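> The structure file model00.cif (mmCIF, C-alpha atoms) is provided below.
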```cif
data_target
#
loop_
_atom_site.label_atom_id
_atom_site.label_comp_id
_atom_site.auth_asym_id
_atom_site.auth_seq_id
_atom_site.Cartn_x
_atom_site.Cartn_y
_atom_site.Cartn_z
CA MET K 92 -30.12 -2.87 4.94
CA ALA K 93 -30.61 -0.15 7.50
CA LYS K 94 -27.45 -1.29 9.24
CA GLU K 95 -25.43 -1.10 6.02
CA GLN K 96 -26.81 2.36 5.46
CA LEU K 97 -25.75 3.45 8.93
CA ALA K 98 -22.22 2.08 8.51
CA TYR K 99 -21.93 3.81 5.15
CA ASP K 100 -23.13 7.00 6.78
CA GLU K 101 -20.44 6.74 9.48
CA PHE K 102 -17.83 6.23 6.77
CA MET K 103 -18.91 9.26 4.74
CA LYS K 104 -19.09 11.33 7.91
CA GLY K 105 -15.38 10.82 8.53
CA LEU K 106 -14.30 11.09 4.93
CA TRP K 107 -16.22 14.24 4.12
CA ARG K 108 -18.88 15.81 6.34
CA GLU K 109 -16.78 15.72 9.51
CA ASN K 110 -13.38 15.36 7.89
CA PRO K 111 -10.88 15.24 10.78
CA VAL K 112 -8.65 17.87 9.20
CA PHE K 113 -10.81 20.13 7.05
CA VAL K 114 -13.81 20.24 9.36
CA GLN K 115 -12.64 19.21 12.84
CA VAL K 116 -9.16 20.71 12.36
CA LEU K 117 -7.45 17.87 14.28
CA GLY K 118 -4.05 16.20 13.90
CA LEU K 119 -2.39 19.25 12.38
CA CYS K 120 1.10 18.58 13.75
CA PRO K 121 1.84 15.52 11.59
CA LEU K 122 -0.28 17.02 8.80
CA LEU K 123 1.83 20.15 8.42
CA ALA K 124 5.14 18.47 9.17
CA VAL K 125 5.16 15.58 6.70
CA THR K 126 3.15 16.84 3.75
CA ASN K 127 6.03 18.37 1.80
CA SER K 128 5.51 15.57 -0.73
CA ALA K 129 2.56 13.41 -1.73
CA ILE K 130 4.34 10.13 -1.02
CA ASN K 131 5.16 11.19 2.56
CA GLY K 132 1.53 12.19 3.05
CA LEU K 133 0.42 8.81 1.71
CA ALA K 134 2.78 6.87 3.99
CA MET K 135 1.82 8.92 7.06
CA GLY K 136 -1.87 8.60 6.16
CA LEU K 137 -1.66 4.82 5.79
CA ALA K 138 0.27 4.49 9.06
CA SER K 139 -2.31 6.57 10.93
CA PHE K 140 -5.13 4.69 9.20
CA PHE K 141 -3.76 1.35 10.37
CA VAL K 142 -3.27 2.57 13.94
CA LEU K 143 -6.75 4.10 14.07
CA LEU K 144 -8.44 1.00 12.66
CA GLY K 145 -6.55 -1.44 14.89
CA SER K 146 -7.09 0.63 18.03
CA SER K 147 -10.80 1.15 17.24
CA ILE K 148 -11.33 -2.59 16.88
CA LEU K 149 -9.58 -3.41 20.15
CA VAL K 150 -11.16 -0.59 22.14
CA SER K 151 -14.62 -1.47 20.83
CA LEU K 152 -14.13 -5.18 21.57
CA PHE K 153 -12.87 -4.65 25.11
CA LYS K 154 -14.89 -1.58 26.05
CA SER K 155 -17.01 -3.43 28.61
CA TYR K 156 -13.91 -4.84 30.34
CA ILE K 157 -12.05 -1.55 30.62
CA PRO K 158 -13.06 0.36 33.78
CA LYS K 159 -13.61 4.01 32.96
CA GLN K 160 -11.06 5.18 35.55
CA VAL K 161 -8.20 3.66 33.58
CA ARG K 162 -9.66 3.94 30.10
CA ILE K 163 -7.32 6.70 28.86
CA SER K 164 -4.25 4.73 29.97
CA CYS K 165 -5.60 1.62 28.27
CA PHE K 166 -6.34 3.51 25.04
CA ILE K 167 -2.83 4.94 25.03
CA ILE K 168 -1.29 1.51 25.63
CA ILE K 169 -3.31 0.06 22.74
CA ILE K 170 -2.46 2.97 20.43
CA ALA K 171 1.23 2.90 21.40
CA THR K 172 1.41 -0.82 20.66
CA PHE K 173 0.03 -0.36 17.16
CA VAL K 174 2.34 2.60 16.54
CA THR K 175 5.37 0.51 17.56
CA VAL K 176 4.25 -2.24 15.20
CA VAL K 177 3.95 0.28 12.36
CA ASP K 178 7.30 1.87 13.24
CA TYR K 179 9.27 -1.40 13.13
CA THR K 180 7.39 -2.73 10.11
CA LEU K 181 8.10 0.44 8.12
CA ALA K 182 11.77 0.42 9.16
CA ALA K 183 12.06 -3.16 7.93
CA ALA K 184 9.97 -2.95 4.76
CA LEU K 185 10.35 0.65 3.56
CA PRO K 186 13.51 2.09 5.13
CA VAL K 187 13.56 5.11 2.79
CA ILE K 188 10.08 6.23 3.76
CA HIS K 189 10.79 5.48 7.40
CA LYS K 190 13.84 7.72 7.31
CA GLU K 191 11.90 10.49 5.59
CA LEU K 192 9.05 10.46 8.14
CA GLY K 193 11.56 10.33 10.98
CA ALA K 194 10.16 11.18 14.40
CA PHE K 195 6.60 11.61 13.16
CA ILE K 196 5.74 7.91 13.16
CA PRO K 197 6.28 7.55 16.95
CA LEU K 198 4.37 10.81 17.39
CA ILE K 199 1.20 9.17 16.02
CA VAL K 200 0.73 8.05 19.64
CA ALA K 201 0.02 11.65 20.55
CA ASN K 202 -2.26 12.36 17.58
CA CYS K 203 -5.38 13.81 19.19
CA LEU K 204 -7.49 12.54 16.30
CA ILE K 205 -6.85 8.90 17.25
CA LEU K 206 -7.31 9.23 21.03
CA GLY K 207 -10.33 11.42 20.30
CA ARG K 208 -12.03 8.71 18.21
CA MET K 209 -11.36 6.12 20.96
CA GLU K 210 -12.90 8.32 23.63
CA ALA K 211 -15.76 9.75 21.59
CA PHE K 212 -16.69 6.79 19.41
CA ALA K 213 -15.05 3.37 19.71
CA SER K 214 -15.54 3.13 23.49
CA ARG K 215 -19.29 3.78 23.11
CA ASN K 216 -20.28 2.00 19.92
CA THR K 217 -20.51 -1.51 18.50
CA LEU K 218 -17.58 -3.10 16.72
CA ARG K 219 -19.29 -2.69 13.36
CA MET K 220 -19.91 1.03 13.80
CA SER K 221 -16.43 1.59 15.24
CA VAL K 222 -14.84 -0.06 12.21
CA ALA K 223 -16.97 2.10 9.90
CA ASP K 224 -16.01 5.20 11.88
CA ALA K 225 -12.30 4.29 11.84
CA PHE K 226 -12.45 3.64 8.09
CA GLY K 227 -14.11 7.00 7.54
CA MET K 228 -11.87 9.05 9.81
CA GLY K 229 -8.76 7.21 8.63
CA ALA K 230 -9.69 7.75 5.00
CA GLY K 231 -10.52 11.38 5.72
CA PHE K 232 -7.13 11.96 7.33
CA LEU K 233 -5.40 10.10 4.48
CA PHE K 234 -7.30 12.20 1.95
CA ALA K 235 -6.25 15.41 3.69
CA LEU K 236 -2.59 14.36 3.92
CA VAL K 237 -2.33 13.26 0.30
CA SER K 238 -4.18 16.28 -1.13
CA LEU K 239 -2.10 18.71 0.92
CA GLY K 240 1.10 16.86 0.03
CA ALA K 241 0.16 16.76 -3.67
CA VAL K 242 -0.59 20.50 -3.87
CA ARG K 243 2.63 21.38 -2.06
CA GLU K 244 4.75 18.99 -4.14
CA ILE K 245 3.26 20.14 -7.45
CA LEU K 246 3.84 23.82 -6.70
CA GLY K 247 6.96 23.50 -4.60
CA VAL K 248 8.95 20.98 -6.64
CA GLY K 249 6.98 20.68 -9.89
CA GLU K 250 6.54 16.94 -9.38
CA ILE K 251 3.83 14.55 -8.26
CA PHE K 252 4.87 11.31 -6.51
CA GLY K 253 8.35 12.05 -7.87
CA PHE K 254 7.30 12.38 -11.53
CA ALA K 255 8.21 15.70 -13.12
CA LEU K 256 5.12 17.54 -14.34
CA PHE K 257 6.50 20.64 -15.95
CA GLY K 258 9.42 21.36 -18.25
CA ALA K 259 12.85 22.40 -17.10
CA ASN K 260 11.74 26.04 -17.28
CA PHE K 261 9.45 25.65 -14.30
CA GLU K 262 10.76 27.59 -11.32
CA PRO K 263 9.54 25.78 -8.19
CA TRP K 264 7.85 27.84 -5.48
CA VAL K 265 10.19 26.69 -2.74
CA ILE K 266 8.00 28.38 -0.13
CA MET K 267 5.33 25.72 -0.72
CA ILE K 268 7.42 22.89 0.71
CA LEU K 269 8.63 25.05 3.59
CA PRO K 270 6.42 25.35 6.70
CA PRO K 271 4.66 28.57 5.53
CA GLY K 272 3.53 26.72 2.39
CA GLY K 273 1.85 24.13 4.60
CA PHE K 274 -0.08 26.79 6.50
CA ILE K 275 -1.05 28.65 3.32
CA THR K 276 -2.29 25.48 1.58
CA LEU K 277 -4.18 24.33 4.66
CA GLY K 278 -5.73 27.79 5.03
CA VAL K 279 -6.97 27.81 1.44
CA MET K 280 -8.41 24.31 1.83
CA LEU K 281 -10.18 25.24 5.09
CA LEU K 282 -11.61 28.27 3.31
CA TYR K 283 -12.97 26.02 0.55
CA PHE K 284 -14.57 23.60 2.99
CA ASN K 285 -16.16 26.44 4.94
CA TRP K 286 -17.48 27.93 1.71
CA LEU K 287 -19.00 24.54 0.78
CA GLU K 288 -20.60 24.32 4.22
CA GLU K 289 -22.07 27.80 3.91
CA LYS K 290 -23.42 27.08 0.45
CA LYS K 291 -25.01 23.86 1.67
CA ASN K 292 -26.62 25.64 4.62
CA LYS K 293 -28.06 28.26 2.28
CA ILE K 294 -29.56 25.61 0.02
CA ASP K 295 -30.97 23.75 3.02
CA LYS K 296 -32.57 26.95 4.26
CA GLN K 297 -34.00 27.70 0.87
CA LEU K 298 -35.45 24.20 0.59
CA ALA K 299 -36.94 24.54 4.06
CA THR K 300 -38.68 27.82 3.24
CA GLU K 301 -39.94 26.44 -0.08
CA ASP K 302 -41.32 23.42 1.74
CA GLY K 303 -43.03 25.80 4.15
CA VAL K 304 -44.65 27.70 1.29
CA ASN K 305 -45.90 24.56 -0.37
CA MET U 197 -12.89 12.42 58.48
CA SER U 198 -16.25 10.72 58.74
CA GLU U 199 -17.47 12.50 55.64
CA ASP U 200 -14.51 11.09 53.77
CA LYS U 201 -15.48 7.60 54.86
CA VAL U 202 -19.04 8.02 53.70
CA GLU U 203 -17.86 9.27 50.36
CA GLN U 204 -15.41 6.41 50.02
CA ALA U 205 -18.10 3.88 50.81
CA ALA U 206 -20.32 5.35 48.15
CA VAL U 207 -17.53 5.21 45.64
CA VAL U 208 -16.59 1.64 46.47
CA ALA U 209 -20.17 0.43 46.17
CA ASP U 210 -20.54 0.87 42.40
CA GLU U 211 -16.90 1.31 41.38
CA PRO U 212 -14.46 -1.44 40.45
CA SER U 213 -12.00 -2.45 43.13
CA PRO U 214 -8.44 -1.09 43.01
CA ALA U 215 -7.24 -4.61 42.29
CA ARG U 216 -9.43 -4.72 39.18
CA LEU U 217 -8.08 -1.37 37.98
CA ILE U 218 -4.48 -2.39 38.51
CA GLY U 219 -5.21 -5.78 37.00
CA THR U 220 -6.67 -4.24 33.83
CA LEU U 221 -3.67 -2.00 33.32
CA ALA U 222 -1.24 -4.81 34.14
CA ILE U 223 -2.84 -7.12 31.58
CA ALA U 224 -2.91 -4.36 28.97
CA GLY U 225 0.76 -3.61 29.64
CA LEU U 226 1.74 -7.27 29.55
CA VAL U 227 -0.04 -7.99 26.27
CA SER U 228 1.35 -4.78 24.77
CA GLY U 229 4.85 -5.71 25.93
CA ILE U 230 4.66 -9.16 24.38
CA ILE U 231 3.45 -7.74 21.05
CA ILE U 232 6.14 -5.04 21.00
CA ILE U 233 8.94 -7.50 21.80
CA ALA U 234 7.59 -9.91 19.18
CA ILE U 235 7.57 -7.30 16.42
CA TYR U 236 11.00 -6.05 17.53
CA LEU U 237 12.48 -9.54 17.26
CA ALA U 238 10.67 -10.24 13.99
CA THR U 239 12.03 -7.12 12.28
CA PHE U 240 15.44 -6.90 13.99
CA GLU U 241 17.40 -8.85 11.36
CA THR U 242 15.82 -7.03 8.41
CA ILE U 243 16.40 -3.61 9.95
CA LYS U 244 20.02 -4.52 10.65
CA GLU U 245 20.46 -5.74 7.07
CA ASN U 246 18.85 -2.54 5.75
CA LYS U 247 21.30 -0.45 7.72
CA ALA U 248 24.28 -2.52 6.60
CA ARG U 249 23.14 -2.32 2.96
CA GLU U 250 22.62 1.42 3.23
CA LEU U 251 26.16 1.79 4.57
CA ARG U 252 27.64 -0.44 1.83
CA GLU U 253 25.86 1.56 -0.84
CA ALA U 254 27.14 4.79 0.68
CA VAL U 255 30.72 3.48 0.81
CA PHE U 256 30.56 2.36 -2.84
CA ARG U 257 29.15 5.75 -3.75
CA VAL U 258 31.94 7.81 -2.18
CA LEU U 259 34.72 5.52 -3.40
CA PRO U 260 34.55 5.11 -7.19
CA ASN U 261 35.49 1.73 -8.72
CA VAL U 262 35.28 -0.05 -5.39
CA SER U 263 33.63 -3.47 -5.14
CA LYS U 264 34.68 -4.68 -1.68
CA MET U 265 34.92 -3.05 1.71
CA GLN U 266 35.96 -3.84 5.22
CA LYS U 267 35.55 -2.09 8.50
CA LEU U 268 38.62 -0.71 10.24
CA LEU U 269 38.96 0.26 13.88
CA LEU U 270 41.71 2.26 15.46
CA LYS U 271 43.31 0.16 18.21
CA GLU U 272 46.28 1.54 20.11
CA GLY U 273 47.13 3.83 17.23
CA LYS U 274 46.89 1.06 14.64
CA LEU U 275 44.13 0.42 12.11
CA GLU U 276 42.79 -3.10 12.38
CA VAL U 277 40.19 -5.00 10.42
CA SER U 278 37.07 -5.67 12.46
CA TYR U 279 33.85 -7.61 11.90
CA LYS U 280 32.35 -7.20 15.31
CA GLU U 281 30.16 -4.41 16.55
CA GLU U 282 31.73 -2.67 19.47
CA LYS U 283 30.21 -0.16 21.78
CA GLY U 284 31.19 3.41 21.02
CA GLU U 285 33.31 2.30 18.08
CA GLU U 286 34.41 4.92 15.55
CA PRO U 287 34.99 2.89 12.44
CA ILE U 288 36.21 3.93 9.02
CA TYR U 289 35.89 1.74 5.95
CA ALA U 290 38.51 0.71 3.45
CA GLY U 291 37.45 0.11 -0.14
CA TYR U 292 39.14 -2.30 -2.57
CA ASP U 293 38.67 -3.00 -6.27
CA ASP U 294 38.14 -6.42 -7.91
CA ASN U 295 41.87 -7.23 -7.60
CA ASN U 296 41.86 -6.44 -3.87
CA LYS U 297 43.81 -3.27 -4.55
CA PHE U 298 43.29 -0.58 -1.91
CA MET U 299 41.39 2.38 -3.39
CA GLY U 300 40.65 4.67 -0.46
CA TYR U 301 38.99 5.18 2.89
CA ALA U 302 35.35 6.02 3.50
CA ILE U 303 35.29 8.18 6.61
CA PRO U 304 32.15 9.04 8.58
CA SER U 305 32.03 12.41 10.28
CA ASP U 306 29.30 14.61 11.68
CA GLY U 307 28.66 18.08 12.97
CA PRO U 308 25.99 20.75 13.36
CA GLY U 309 24.08 21.79 10.23
CA PHE U 310 21.35 24.39 9.88
CA ALA U 311 18.59 22.29 11.43
CA ASP U 312 20.23 19.35 13.17
CA THR U 313 23.36 17.23 13.11
CA ILE U 314 24.47 16.28 9.60
CA SER U 315 26.16 12.88 9.22
CA VAL U 316 28.51 12.71 6.27
CA LEU U 317 30.44 9.83 4.73
CA TYR U 318 33.25 10.89 2.45
CA GLY U 319 35.83 9.09 0.39
CA TYR U 320 39.49 9.91 1.00
CA ARG U 321 42.41 8.80 -1.14
CA PRO U 322 45.64 9.05 0.88
CA SER U 323 48.03 8.67 -2.09
CA ASP U 324 47.28 12.19 -3.36
CA ARG U 325 45.53 13.48 -0.23
CA LYS U 326 42.19 14.12 -1.88
CA VAL U 327 38.53 13.81 -1.06
CA ILE U 328 37.00 11.73 -3.87
CA GLY U 329 33.32 11.55 -2.96
CA MET U 330 30.73 12.69 -0.44
CA TRP U 331 27.39 11.28 0.68
CA ILE U 332 25.01 12.53 3.36
CA LEU U 333 24.07 9.66 5.69
CA ALA U 334 21.54 11.62 7.74
CA SER U 335 20.36 15.20 7.92
CA ARG U 336 17.25 17.18 8.72
CA GLU U 337 18.06 20.23 6.61
CA THR U 338 15.25 22.40 5.25
CA PRO U 339 13.41 20.67 2.39
CA GLY U 340 13.89 22.60 -0.83
CA LEU U 341 16.94 24.54 0.38
CA GLY U 342 19.33 22.79 2.76
CA ASP U 343 18.51 19.34 1.43
CA LYS U 344 20.25 20.32 -1.79
CA ILE U 345 23.47 19.22 -0.07
CA TYR U 346 22.48 15.72 -1.22
CA LYS U 347 19.76 16.34 -3.81
CA ASP U 348 21.80 18.73 -5.94
CA ALA U 349 24.13 16.59 -8.08
CA ALA U 350 26.27 19.62 -8.94
CA PHE U 351 26.99 20.27 -5.25
CA VAL U 352 27.79 16.62 -4.55
CA ALA U 353 30.16 16.64 -7.57
CA ASN U 354 32.19 19.36 -5.78
CA PHE U 355 33.65 16.58 -3.67
CA ASP U 356 34.72 14.26 -6.48
CA ASP U 357 38.24 15.67 -6.65
CA LEU U 358 38.96 18.01 -3.79
CA ALA U 359 42.26 18.85 -2.12
CA ILE U 360 42.21 18.83 1.68
CA GLU U 361 45.14 21.17 2.29
CA PRO U 362 44.64 23.97 3.10
CA PRO U 363 41.30 23.01 4.73
CA ILE U 364 38.23 22.90 2.49
CA VAL U 365 36.46 26.23 2.01
CA ALA U 366 32.92 26.84 0.76
CA THR U 367 32.82 29.93 -1.43
CA LYS U 368 29.99 31.90 -3.02
CA LYS U 369 32.16 33.51 -5.67
CA GLY U 370 32.79 30.46 -7.81
CA LYS U 371 35.55 28.01 -6.94
CA SER U 372 39.00 28.74 -8.28
CA LYS U 373 41.33 26.74 -6.00
CA PRO U 374 41.60 22.94 -5.61
CA ASN U 375 40.39 23.12 -1.98
CA GLU U 376 37.25 25.16 -2.71
CA ILE U 377 33.64 24.09 -3.20
CA ASP U 378 30.74 26.14 -4.57
CA ALA U 379 28.24 26.91 -1.81
CA ILE U 380 24.56 26.44 -2.70
CA THR U 381 22.62 29.66 -3.12
CA GLY U 382 20.04 29.80 -0.32
CA ALA U 383 21.79 27.06 1.64
CA THR U 384 25.12 28.65 2.51
CA ILE U 385 25.04 27.48 6.13
CA SER U 386 24.40 23.87 5.11
CA SER U 387 27.16 24.03 2.46
CA VAL U 388 29.69 25.48 4.90
CA ALA U 389 28.62 22.88 7.47
CA VAL U 390 29.45 20.01 5.08
CA ALA U 391 32.91 21.50 4.40
CA LYS U 392 33.51 21.92 8.15
CA ILE U 393 32.38 18.38 8.89
CA ILE U 394 34.84 16.96 6.34
CA ASN U 395 37.64 19.16 7.72
CA LYS U 396 36.81 17.86 11.19
CA GLY U 397 37.05 14.26 9.94
CA ASN U 398 40.37 15.02 8.26
CA ASP U 399 41.76 16.72 11.37
CA TYR U 400 41.16 13.57 13.33
CA TRP U 401 41.90 10.86 10.81
CA VAL U 402 44.60 11.99 8.38
CA SER U 403 47.38 11.97 10.99
CA ARG U 404 46.21 8.60 12.32
CA LEU U 405 46.12 6.79 8.98
CA PRO U 406 49.09 4.59 8.03
CA GLU U 407 51.56 5.77 5.38
CA PRO U 408 50.22 5.44 1.83
CA GLY U 409 51.04 1.92 0.68
CA ALA U 410 50.85 0.48 4.21
CA GLU U 411 47.07 0.20 4.31
CA PRO U 412 45.55 -2.95 5.78
CA ALA U 413 45.17 -5.59 3.06
CA TYR U 414 41.78 -7.01 2.17
CA VAL U 415 41.10 -10.13 4.18
CA GLU U 416 38.98 -12.80 2.53
CA VAL U 417 36.72 -14.22 5.19
CA GLU U 418 35.44 -17.77 4.97
CA THR U 419 32.61 -17.25 7.38
CA PRO U 420 30.46 -14.32 6.44
CA PRO U 421 30.80 -11.43 8.89
CA GLU U 422 27.23 -11.94 10.10
CA ALA U 423 28.00 -15.48 11.26
CA GLU U 424 31.09 -14.30 13.07
CA ASP U 425 29.04 -11.59 14.71
CA ALA U 426 26.66 -14.16 16.03
CA GLN U 427 29.52 -16.29 17.38
CA ALA U 428 31.05 -13.33 19.09
CA GLN U 429 27.80 -12.56 20.79
#
```
If you convert what's in this file into C-alpha cells, what do you get?

Amino acid sequence: MAKEQLAYDEFMKGLWRENPVFVQVLGLCPLLAVTNSAINGLAMGLASFFVLLGSSILVSLFKSYIPKQVRISCFIIIIATFVTVVDYTLAAALPVIHKELGAFIPLIVANCLILGRMEAFASRNTLRMSVADAFGMGAGFLFALVSLGAVREILGVGEIFGFALFGANFEPWVIMILPPGGFITLGVMLLYFNWLEEKKNKIDKQLATEDGVN
Amino acid sequence: MSEDKVEQAAVVADEPSPARLIGTLAIAGLVSGIIIIAIYLATFETIKENKARELREAVFRVLPNVSKMQKLLLKEGKLEVSYKEEKGEEPIYAGYDDNNKFMGYAIPSDGPGFADTISVLYGYRPSDRKVIGMWILASRETPGLGDKIYKDAAFVANFDDLAIEPPIVATKKGKSKPNEIDAITGATISSVAVAKIINKGNDYWVSRLPEPGAEPAYVEVETPPEAEDAQAQ
C-alpha cells in the first residue's frame, strides 16, 4: 500500500508539482518549436514519453553494471537507440506527422529533460520508482506540449486537432503560431503556475500559523 | 612523478579497470547498433513505399486526368523510361490517361525559399506550353504565412493553367496576363520563390524535352517495378 502510494506520488510529482516544463522549465527547444498545432504537440509528447520510459527502464535495470565514469555515454547511447526506433517507426507508420516534426524527432536525444531524469532519478532508484517517475515526467511533458499546442492552434488558426471551431468570420491571430506566440503562451502559462505556487504557499503558511495557535 | 603514481594507485584500488569501462561502452554500442540496424531493416520497405506513394499522389495531383505514370531519365540527350534508382539521377515523370495517352510531364525542381529549400513538383503540358498544376513536395516556410504556398487552395489554383513564356511572374497587383500568378499577401518571398523555382525547372527541361507528339510511350511492365529493382540490385 505504502509502495503504491509512493509510486503514485512520483507520478503526480512529474505531472503537476514538478512539471518538467511549467515548473522546471526544461525541454523548451522542442516545446516551442513543434507546438504550432495540438496534433504536433501530441506526437512529439508521445515520442518523448516513449523514449523517456524506455530509457528509464533500461538505465534503472542496468544501473549497477554501468560504471559511473562512463554513465553519461551509456545514457546517451540508450536514449539515442530509443530515439532512432521512434524516428523510423514514425516514418513508416505516420509519414505525415514525421514530415511535420522534421528534425525535432532526432533532437529528442539532446532533450535535457530526458538525460536529466536518467542522471537524477533512474540511475539512483528502483525500477518501480523509475517507471513511475518516467510516467509522471513523460505525462507532464506531454500535457505541456498538448496544452501549448492547443492554445496556439485555437487562437492562431481557429481550429483544434484540425477541426474548425469558429465561423468563417474568425480572423486567426497568425502571431500565435509564429515563434513569438510560443513565447507569449509559455510566459502566460508559467505566470499561472507561479501564481498557483504562491497561493499554495500562502495557504500552507496560514495553516501552519493556525496550527500554532491551536 | 611519484605523487602521480600514488594518486593512480588510489584510483585503481576502488575504481573499475579500463578494460571494464571500455567493455561496458563496447557492449552498449554493440547492442544499440544491432537494435538500430534491426529497426532500420524492419521499416525500410514501408518507408520506401510511403515515399513512392507520396510521389505518385503528387504526380496525379499536378497532372489532371492521369492514372498511370512512369519515370523518365535523360540519357545522352534522350528521355528514356527507367525503373531503377540511380545515384544522382534527375528524373521527371510522364503521366498517361486510361488509354495510355500522354497527358504531360511532372517535373521536380527546387530552390531557395524564405526559410529553407522549397521542393516543387509541377505539371507541364508541352502541346500548349503550359503549367497545369503545382504541388509542394517539401518546404519549411513559416507556419501561417509562407506555408500558404500549399495550404491556400487559391494560390495553388494559380498554376492550373499558366503560360510559361515569358517567364512566370508573381504580382501583387492582381494577375492580368497568362504568365502571372497572384502573390500571397504576407508571403511575397515564398510566392516569388515558387515562380522562380518553376522557371528554373523550365529553363533546364523545356529545351531538352522531345517535340510534342514524340513523347516516350507508356510501357506496360509484366514484372512490377519493385521486383525489377530488386533484380537490378
> Would you compute the distance between CA of Val388 (chain U) and CA of Ile364 (chain U)? Give it in Å to one decimal.
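Between CA of Val388 (chain U) and CA of Ile364 (chain U) the gap works out to 9.2 Å.
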> Report as a tab-separated table: every residue of chain U with an atom at most 6 Å from chain K, its closest pair of atoms, and their distance in Å to one decimal, counting all atoms listed in the file, with rows sorted by chain and ascending residue number.

```
residue	atom	partner	partner_atom	distance
U:Ser228	CA	K:Thr172	CA	5.7
U:Thr239	CA	K:Ala183	CA	5.9
U:Thr242	CA	K:Ala183	CA	5.4
U:Ile243	CA	K:Ala183	CA	4.8
U:Gly340	CA	K:Val265	CA	5.8
```
> Run the PyMOL selection byres ((chain K and resi 204-206) around 10) against the file shown and list the residues it catches, as a ChimeraX atom specification.
/K:111-112,115-119,139-140,142-144,146-147,163,166-167,170,199-203,207-213,225,228-229,232
> Tell me which residues the PyMOL selection byres ((chain K and resi 108) around 12) grabs here, as a PyMOL selection string.
chain K and resi 100-107+109-115+227-228+231+284-285+287-288+291
> Need the shell around Pro363 (chain U): protein/DNA/RNA residues with any atom at most 10 Å away, counting only C-alpha atoms. Skip same-chain ones fewer than 5 positions apart. Format as a list of chain:residue names?
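My list of contacting residues is U:Asn375, U:Glu376, U:Ala391, U:Lys392, U:Ile394, U:Asn395, U:Lys396, U:Asn398, U:Asp399.
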> So the first atom is CA of Leu137 (chain K) and the second is CA of Leu233 (chain K); what is the distance between them in Å, to one decimal place?
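According to the coordinates, CA of Leu137 (chain K) and CA of Leu233 (chain K) are separated by 6.6 Å.
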> Can you tell me, as a list in words, what residues are no more than 10 Å from Met299 (chain U) when counting only C-alpha atoms, ignoring any on the same chain fewer than 3 positions away?
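Non-adjacent residues within range: Leu259, Pro260, Asn261, Val262, Ser263, Lys264, Met265, Ala290, Gly291, Tyr292, Asp293, Asn296, Ala302, Gly319, Tyr320, Arg321, Pro322, Ser323 and Glu411 of chain U.
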> When you draw a straight line from CA of Leu275 (chain U) to CA of Pro308 (chain U), how long is it in Å?
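Computing it gives 27.3 Å between the two atoms.
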> The PyMOL selection byres ((chain U and resi 305) around 9) on the file shown: which residues, as a list in words?
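Applying the PyMOL selection byres ((chain U and resi 305) around 9) to the structure shown produces Ile303, Pro304, Asp306, Gly307, Ile314, Ser315, Val316, Leu317, Tyr318, Ile393, Ile394, Lys396, Gly397 and Asn398 of chain U.
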> Can I get the selected residues back with C-alpha atoms, as a PDB file, keeping the file's coordinate frame?

```
ATOM      1  CA  ILE U 303      35.290   8.180   6.610  1.00  0.00           C
ATOM      2  CA  PRO U 304      32.150   9.040   8.580  1.00  0.00           C
ATOM      3  CA  ASP U 306      29.300  14.610  11.680  1.00  0.00           C
ATOM      4  CA  GLY U 307      28.660  18.080  12.970  1.00  0.00           C
ATOM      5  CA  ILE U 314      24.470  16.280   9.600  1.00  0.00           C
ATOM      6  CA  SER U 315      26.160  12.880   9.220  1.00  0.00           C
ATOM      7  CA  VAL U 316      28.510  12.710   6.270  1.00  0.00           C
ATOM      8  CA  LEU U 317      30.440   9.830   4.730  1.00  0.00           C
ATOM      9  CA  TYR U 318      33.250  10.890   2.450  1.00  0.00           C
ATOM     10  CA  ILE U 393      32.380  18.380   8.890  1.00  0.00           C
ATOM     11  CA  ILE U 394      34.840  16.960   6.340  1.00  0.00           C
ATOM     12  CA  LYS U 396      36.810  17.860  11.190  1.00  0.00           C
ATOM     13  CA  GLY U 397      37.050  14.260   9.940  1.00  0.00           C
ATOM     14  CA  ASN U 398      40.370  15.020   8.260  1.00  0.00           C
TER      15      ASN U 398
END
```
> Name the closest residue to Lys154 (chain K) among the candidates K:Arg243, K:Thr217, K:Ala235, K:Gly273; distances are taken between atoms, counting all atoms listed in the file.
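That would be K:Thr217, the residue with the smallest distance to Lys154 (chain K).
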> Pick from K:Glu262, K:Phe234, K:Val222, K:Tyr283: nearest to Leu246 (chain K), with all atoms listed in the file counted?
K:Glu262
